[in-house]
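*Asks:* Starting off with a structure, shown below.
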Amino acid sequence: QVQLVESGGGLVQAGASLRLSCLASGRTFSAYAMGWFRQAPGKEREFVATISWRIGNTHYADSVKGRFTISRDNAKNTGYLQMNSLKPEDTAVYYCTSIVAGTPQDWGQGTQVTVSS
């Protein structure tokens, strides 16, 4: 099992940037892929981005492609989500997750991102 703790959320204006962090503990961080999902009020949780555990291959939702960048530092057991050109529709609780065989396994508690227009 992996414990995940997100941080870095906040209230920003449209066009601003934020960087979310996800600190992992427990199972070896470098042994699994990780991802970011988000959930807006009244909506289902949706995929944002993933990064593989070895080569660092990335995949993004169309809605964030070109604006968000996922990365990881295995030495620090930390994953990141750099979010640029934020839009009001990016407002949500953002969760990081460990991914094994393509399936999310463990989840953090989430961090709130609010983008005002």
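Chain labels A, B, ... are given in the sequence in which chains occur in the structure tokens; within each chain residues are numbered consecutively from 1, and ligands are likewise numbered from 1 in the order shown.
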Step one, run DSSP on the backbone; step two, keep only residues of stretch 27-88 of chain A assigned to helix (DSSP H, G or I); then write them as a PyMOL selection string.

*Replies:* chain A and resi 29-31+74-76+88

*Asks:* Taking only C-alpha atoms into account, which of A:Ile70, A:Ile99, A:Val93, A:Leu4 comes nearest A:Asn57?

*Replies:*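 Comparing A:Ile70, A:Ile99, A:Val93, A:Leu4 against A:Asn57, the winner is A:Ile70.
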
*Asks:* Excluding A:Ser85 and residues on its chain fewer than 3 positions from it, collect all residues at most 7 Å away from it, counting only C-alpha atoms, and give them as a PyMOL selection string.

*Replies:* chain A and resi 14-17+67

*Asks:* Please dump the current selection as a PDB file, in the first residue's frame; keep C-alpha atoms.

*Replies:*
ATOM      1  CA  ALA A  14      -7.585  32.702 -14.613  1.00  0.00           C
ATOM      2  CA  GLY A  15      -4.315  32.563 -16.511  1.00  0.00           C
ATOM      3  CA  ALA A  16      -2.219  31.882 -13.424  1.00  0.00           C
ATOM      4  CA  SER A  17      -0.117  28.831 -12.661  1.00  0.00           C
ATOM      5  CA  ARG A  67      -1.221  23.510 -20.362  1.00  0.00           C
TER       6      ARG A  67
END

*Asks:* Restrict the calculation to only C-alpha atoms, then for each residue of stretch 21-55 of chain A with any atom at most 9 Å from an atom of stretch 102-110 of chain A give the closest atom pair and their distance in Å to one decimal, rows by chain and rising residue number, as CSV.

*Replies:*
residue,atom,partner,partner_atom,distance
A:Cys22,CA,A:Gly108,CA,8.1
A:Ala33,CA,A:Gly102,CA,8.3
A:Met34,CA,A:Pro104,CA,8.2
A:Gly35,CA,A:Pro104,CA,8.0
A:Arg38,CA,A:Gly110,CA,8.5

*Asks:* Atoms to include: N, CA, C and O atoms. Write the selected residues as a JSON list (two decimals), in the first residue's frame.

*Replies:*
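As a result, result31.json now contains:
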[["chain", "number", "residue", "atom", "x", "y", "z"],
["A", 22, "CYS", "N", 2.77, 15.63, -4.92],
["A", 22, "CYS", "CA", 2.22, 14.41, -4.34],
["A", 22, "CYS", "C", 3.36, 13.63, -3.71],
["A", 22, "CYS", "O", 4.19, 13.06, -4.43],
["A", 33, "ALA", "N", 3.39, 3.41, -11.74],
["A", 33, "ALA", "CA", 3.00, 4.64, -12.42],
["A", 33, "ALA", "C", 2.19, 5.50, -11.45],
["A", 33, "ALA", "O", 1.70, 5.02, -10.43],
["A", 34, "MET", "N", 2.09, 6.77, -11.77],
["A", 34, "MET", "CA", 1.24, 7.62, -10.96],
["A", 34, "MET", "C", 0.40, 8.52, -11.86],
["A", 34, "MET", "O", 0.73, 8.73, -13.03],
["A", 35, "GLY", "N", -0.67, 8.99, -11.29],
["A", 35, "GLY", "CA", -1.55, 9.81, -12.08],
["A", 35, "GLY", "C", -2.22, 10.89, -11.25],
["A", 35, "GLY", "O", -2.16, 10.88, -10.02],
["A", 38, "ARG", "N", -9.16, 14.63, -11.13],
["A", 38, "ARG", "CA", -9.81, 15.76, -10.48],
["A", 38, "ARG", "C", -11.32, 15.55, -10.44],
["A", 38, "ARG", "O", -11.87, 14.81, -11.26]]

*Asks:* From the set A:Ala92, A:Leu18, A:Ala24, A:Val2, which residue has the shortest atom-to-atom contact distance to A:Arg45, counting only C-alpha atoms?

*Replies:*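 For A:Arg45, the nearest of the given residues is A:Ala92.
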
*Asks:* If we count only C-alpha atoms, what is near A:Val48 at a cut-off of 12 Å, once residues fewer than 2 positions away on the same chain are taken out, given as a PyMOL selection string?

*Replies:* chain A and resi 34-39+45-46+50-51+58-65+67-70+81-83+90+92-97

*Asks:* Go ahead and save the picked residues with N, CA, C and O atoms, as a short mmCIF file (atom, residue, chain, number, x, y, z; two decimals), in the first residue's frame.

*Replies:*
data_model
loop_
_atom_site.label_atom_id
_atom_site.label_comp_id
_atom_site.auth_asym_id
_atom_site.auth_seq_id
_atom_site.Cartn_x
_atom_site.Cartn_y
_atom_site.Cartn_z
N MET A 34 2.09 6.77 -11.77
CA MET A 34 1.24 7.62 -10.96
C MET A 34 0.40 8.52 -11.86
O MET A 34 0.73 8.73 -13.03
N GLY A 35 -0.67 8.99 -11.29
CA GLY A 35 -1.55 9.81 -12.08
C GLY A 35 -2.22 10.89 -11.25
O GLY A 35 -2.16 10.88 -10.02
N TRP A 36 -2.85 11.81 -11.96
CA TRP A 36 -3.65 12.87 -11.33
C TRP A 36 -5.06 12.80 -11.91
O TRP A 36 -5.24 12.65 -13.13
N PHE A 37 -6.03 12.89 -11.03
CA PHE A 37 -7.43 12.97 -11.39
C PHE A 37 -8.00 14.21 -10.70
O PHE A 37 -7.39 14.77 -9.79
N ARG A 38 -9.16 14.63 -11.13
CA ARG A 38 -9.81 15.76 -10.48
C ARG A 38 -11.32 15.55 -10.44
O ARG A 38 -11.87 14.81 -11.26
N GLN A 39 -11.94 16.20 -9.47
CA GLN A 39 -13.39 16.09 -9.32
C GLN A 39 -13.95 17.47 -9.00
O GLN A 39 -13.63 18.05 -7.96
N ARG A 45 -15.33 12.03 -10.87
CA ARG A 45 -13.90 12.17 -10.93
C ARG A 45 -13.41 11.87 -12.34
O ARG A 45 -13.85 10.88 -12.95
N GLU A 46 -12.51 12.69 -12.85
CA GLU A 46 -12.05 12.52 -14.22
C GLU A 46 -10.53 12.48 -14.29
O GLU A 46 -9.83 13.08 -13.47
N THR A 50 -1.18 10.98 -16.54
CA THR A 50 -0.43 9.88 -15.95
C THR A 50 1.01 9.93 -16.41
O THR A 50 1.32 10.52 -17.45
N ILE A 51 1.88 9.29 -15.63
CA ILE A 51 3.28 9.16 -16.00
C ILE A 51 3.73 7.77 -15.61
O ILE A 51 3.42 7.29 -14.52
N THR A 58 4.25 9.96 -20.64
CA THR A 58 3.13 10.73 -20.11
C THR A 58 1.91 10.66 -21.03
O THR A 58 2.03 10.41 -22.22
N HIS A 59 0.77 10.88 -20.42
CA HIS A 59 -0.50 10.88 -21.15
C HIS A 59 -1.40 11.90 -20.48
O HIS A 59 -1.45 11.98 -19.25
N TYR A 60 -2.12 12.70 -21.32
CA TYR A 60 -2.93 13.78 -20.79
C TYR A 60 -4.35 13.73 -21.34
O TYR A 60 -4.59 13.30 -22.47
N ALA A 61 -5.27 14.24 -20.53
CA ALA A 61 -6.61 14.48 -21.02
C ALA A 61 -6.55 15.61 -22.03
O ALA A 61 -5.73 16.53 -21.91
N ASP A 62 -7.42 15.56 -23.02
CA ASP A 62 -7.42 16.60 -24.05
C ASP A 62 -7.64 17.99 -23.46
O ASP A 62 -7.10 18.97 -23.97
N SER A 63 -8.41 18.06 -22.39
CA SER A 63 -8.76 19.35 -21.80
C SER A 63 -7.56 20.06 -21.17
O SER A 63 -7.62 21.27 -20.94
N VAL A 64 -6.49 19.33 -20.86
CA VAL A 64 -5.34 19.95 -20.20
C VAL A 64 -4.08 19.87 -21.05
O VAL A 64 -3.05 20.45 -20.69
N LYS A 65 -4.15 19.18 -22.16
CA LYS A 65 -2.98 18.99 -23.01
C LYS A 65 -2.43 20.35 -23.44
O LYS A 65 -3.17 21.23 -23.88
N ARG A 67 -1.20 22.58 -21.50
CA ARG A 67 -1.22 23.51 -20.36
C ARG A 67 -0.65 22.87 -19.10
O ARG A 67 -0.03 23.56 -18.29
N PHE A 68 -0.89 21.59 -18.91
CA PHE A 68 -0.44 20.87 -17.71
C PHE A 68 0.74 19.98 -18.07
O PHE A 68 0.80 19.42 -19.17
N THR A 69 1.64 19.80 -17.10
CA THR A 69 2.77 18.90 -17.26
C THR A 69 2.92 18.04 -16.02
O THR A 69 3.04 18.57 -14.91
N ILE A 70 2.91 16.74 -16.22
CA ILE A 70 3.11 15.81 -15.11
C ILE A 70 4.56 15.38 -15.09
O ILE A 70 5.19 15.19 -16.14
N LEU A 81 2.37 18.10 -10.66
CA LEU A 81 1.50 18.50 -11.76
C LEU A 81 1.64 20.01 -11.89
O LEU A 81 1.14 20.76 -11.06
N GLN A 82 2.36 20.44 -12.93
CA GLN A 82 2.51 21.85 -13.22
C GLN A 82 1.32 22.29 -14.07
O GLN A 82 1.08 21.72 -15.14
N MET A 83 0.58 23.26 -13.58
CA MET A 83 -0.63 23.71 -14.25
C MET A 83 -0.46 25.16 -14.66
O MET A 83 -0.32 26.04 -13.79
N ASP A 90 -11.05 24.53 -14.67
CA ASP A 90 -10.09 23.66 -14.00
C ASP A 90 -10.35 23.55 -12.50
O ASP A 90 -9.69 22.77 -11.79
N ALA A 92 -11.46 22.31 -9.19
CA ALA A 92 -11.78 20.96 -8.75
C ALA A 92 -10.89 20.58 -7.59
O ALA A 92 -9.93 21.29 -7.28
N VAL A 93 -11.22 19.47 -6.98
CA VAL A 93 -10.29 18.83 -6.04
C VAL A 93 -9.40 17.90 -6.86
O VAL A 93 -9.93 17.07 -7.63
N TYR A 94 -8.12 18.04 -6.71
CA TYR A 94 -7.16 17.24 -7.47
C TYR A 94 -6.59 16.14 -6.59
O TYR A 94 -6.16 16.39 -5.46
N TYR A 95 -6.60 14.93 -7.13
CA TYR A 95 -6.13 13.76 -6.40
C TYR A 95 -4.96 13.10 -7.16
O TYR A 95 -5.01 12.99 -8.39
N CYS A 96 -3.97 12.66 -6.44
CA CYS A 96 -2.96 11.81 -7.07
C CYS A 96 -3.23 10.36 -6.70
O CYS A 96 -3.90 10.07 -5.70
N THR A 97 -2.77 9.47 -7.56
CA THR A 97 -3.03 8.06 -7.37
C THR A 97 -1.85 7.24 -7.85
O THR A 97 -1.14 7.64 -8.79
#

*Asks:* Counting only C-alpha atoms, what is within 7 Å of A:Gly79, bar same-chain residues fewer than 5 positions away, as a list in words?

*Replies:* Ser21, Cys22, Leu23, Ser71, Arg72 and Asp73 of chain A

*Asks:* Given the selection you just returned, output its residues as a file containing C-alpha atoms, formatted as a PDB file, in the first residue's frame.

*Replies:*
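Contents of part_29.pdb, freshly written:
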ATOM      1  CA  SER A  21       2.915  17.973  -5.382  1.00  0.00           C
ATOM      2  CA  CYS A  22       2.218  14.411  -4.339  1.00  0.00           C
ATOM      3  CA  LEU A  23       4.464  12.933  -1.660  1.00  0.00           C
ATOM      4  CA  SER A  71       6.498  14.800 -13.764  1.00  0.00           C
ATOM      5  CA  ARG A  72       8.055  12.755 -11.012  1.00  0.00           C
ATOM      6  CA  ASP A  73      11.207  12.717  -8.928  1.00  0.00           C
TER       7      ASP A  73
END

*Asks:* Would you mind telling me which residue in A:Leu11, A:Ala101, A:Leu20, A:Ala40 lies nearest to A:Tyr80 when using only C-alpha atoms?

*Replies:*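 Looking only at the distances to A:Tyr80, the closest residue turns out to be A:Leu20.
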
*Asks:* What separation in Å, quoted to one decimal, exists between atom CA of A:Leu86 and atom CA of A:Val12?

*Replies:*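 If I compute the distance from atom CA of A:Leu86 to atom CA of A:Val12, I get 8.3 Å.
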
*Asks:* Identify which of the residues A:Ser52, A:Thr28, A:Asn84, A:Thr91 lies closest to A:Ser116, counting only C-alpha atoms when measuring atom-to-atom distances.

*Replies:*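 The answer is A:Thr91, which sits nearest to A:Ser116.
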
*Asks:* Output as JSON, numbers by chain all residues of stretch 63-95 of chain A that backbone DSSP marks as strand (DSSP E or B).

*Replies:* {"A": [68, 69, 70, 71, 72, 73, 78, 79, 80, 81, 82, 83, 92, 93, 94, 95]}
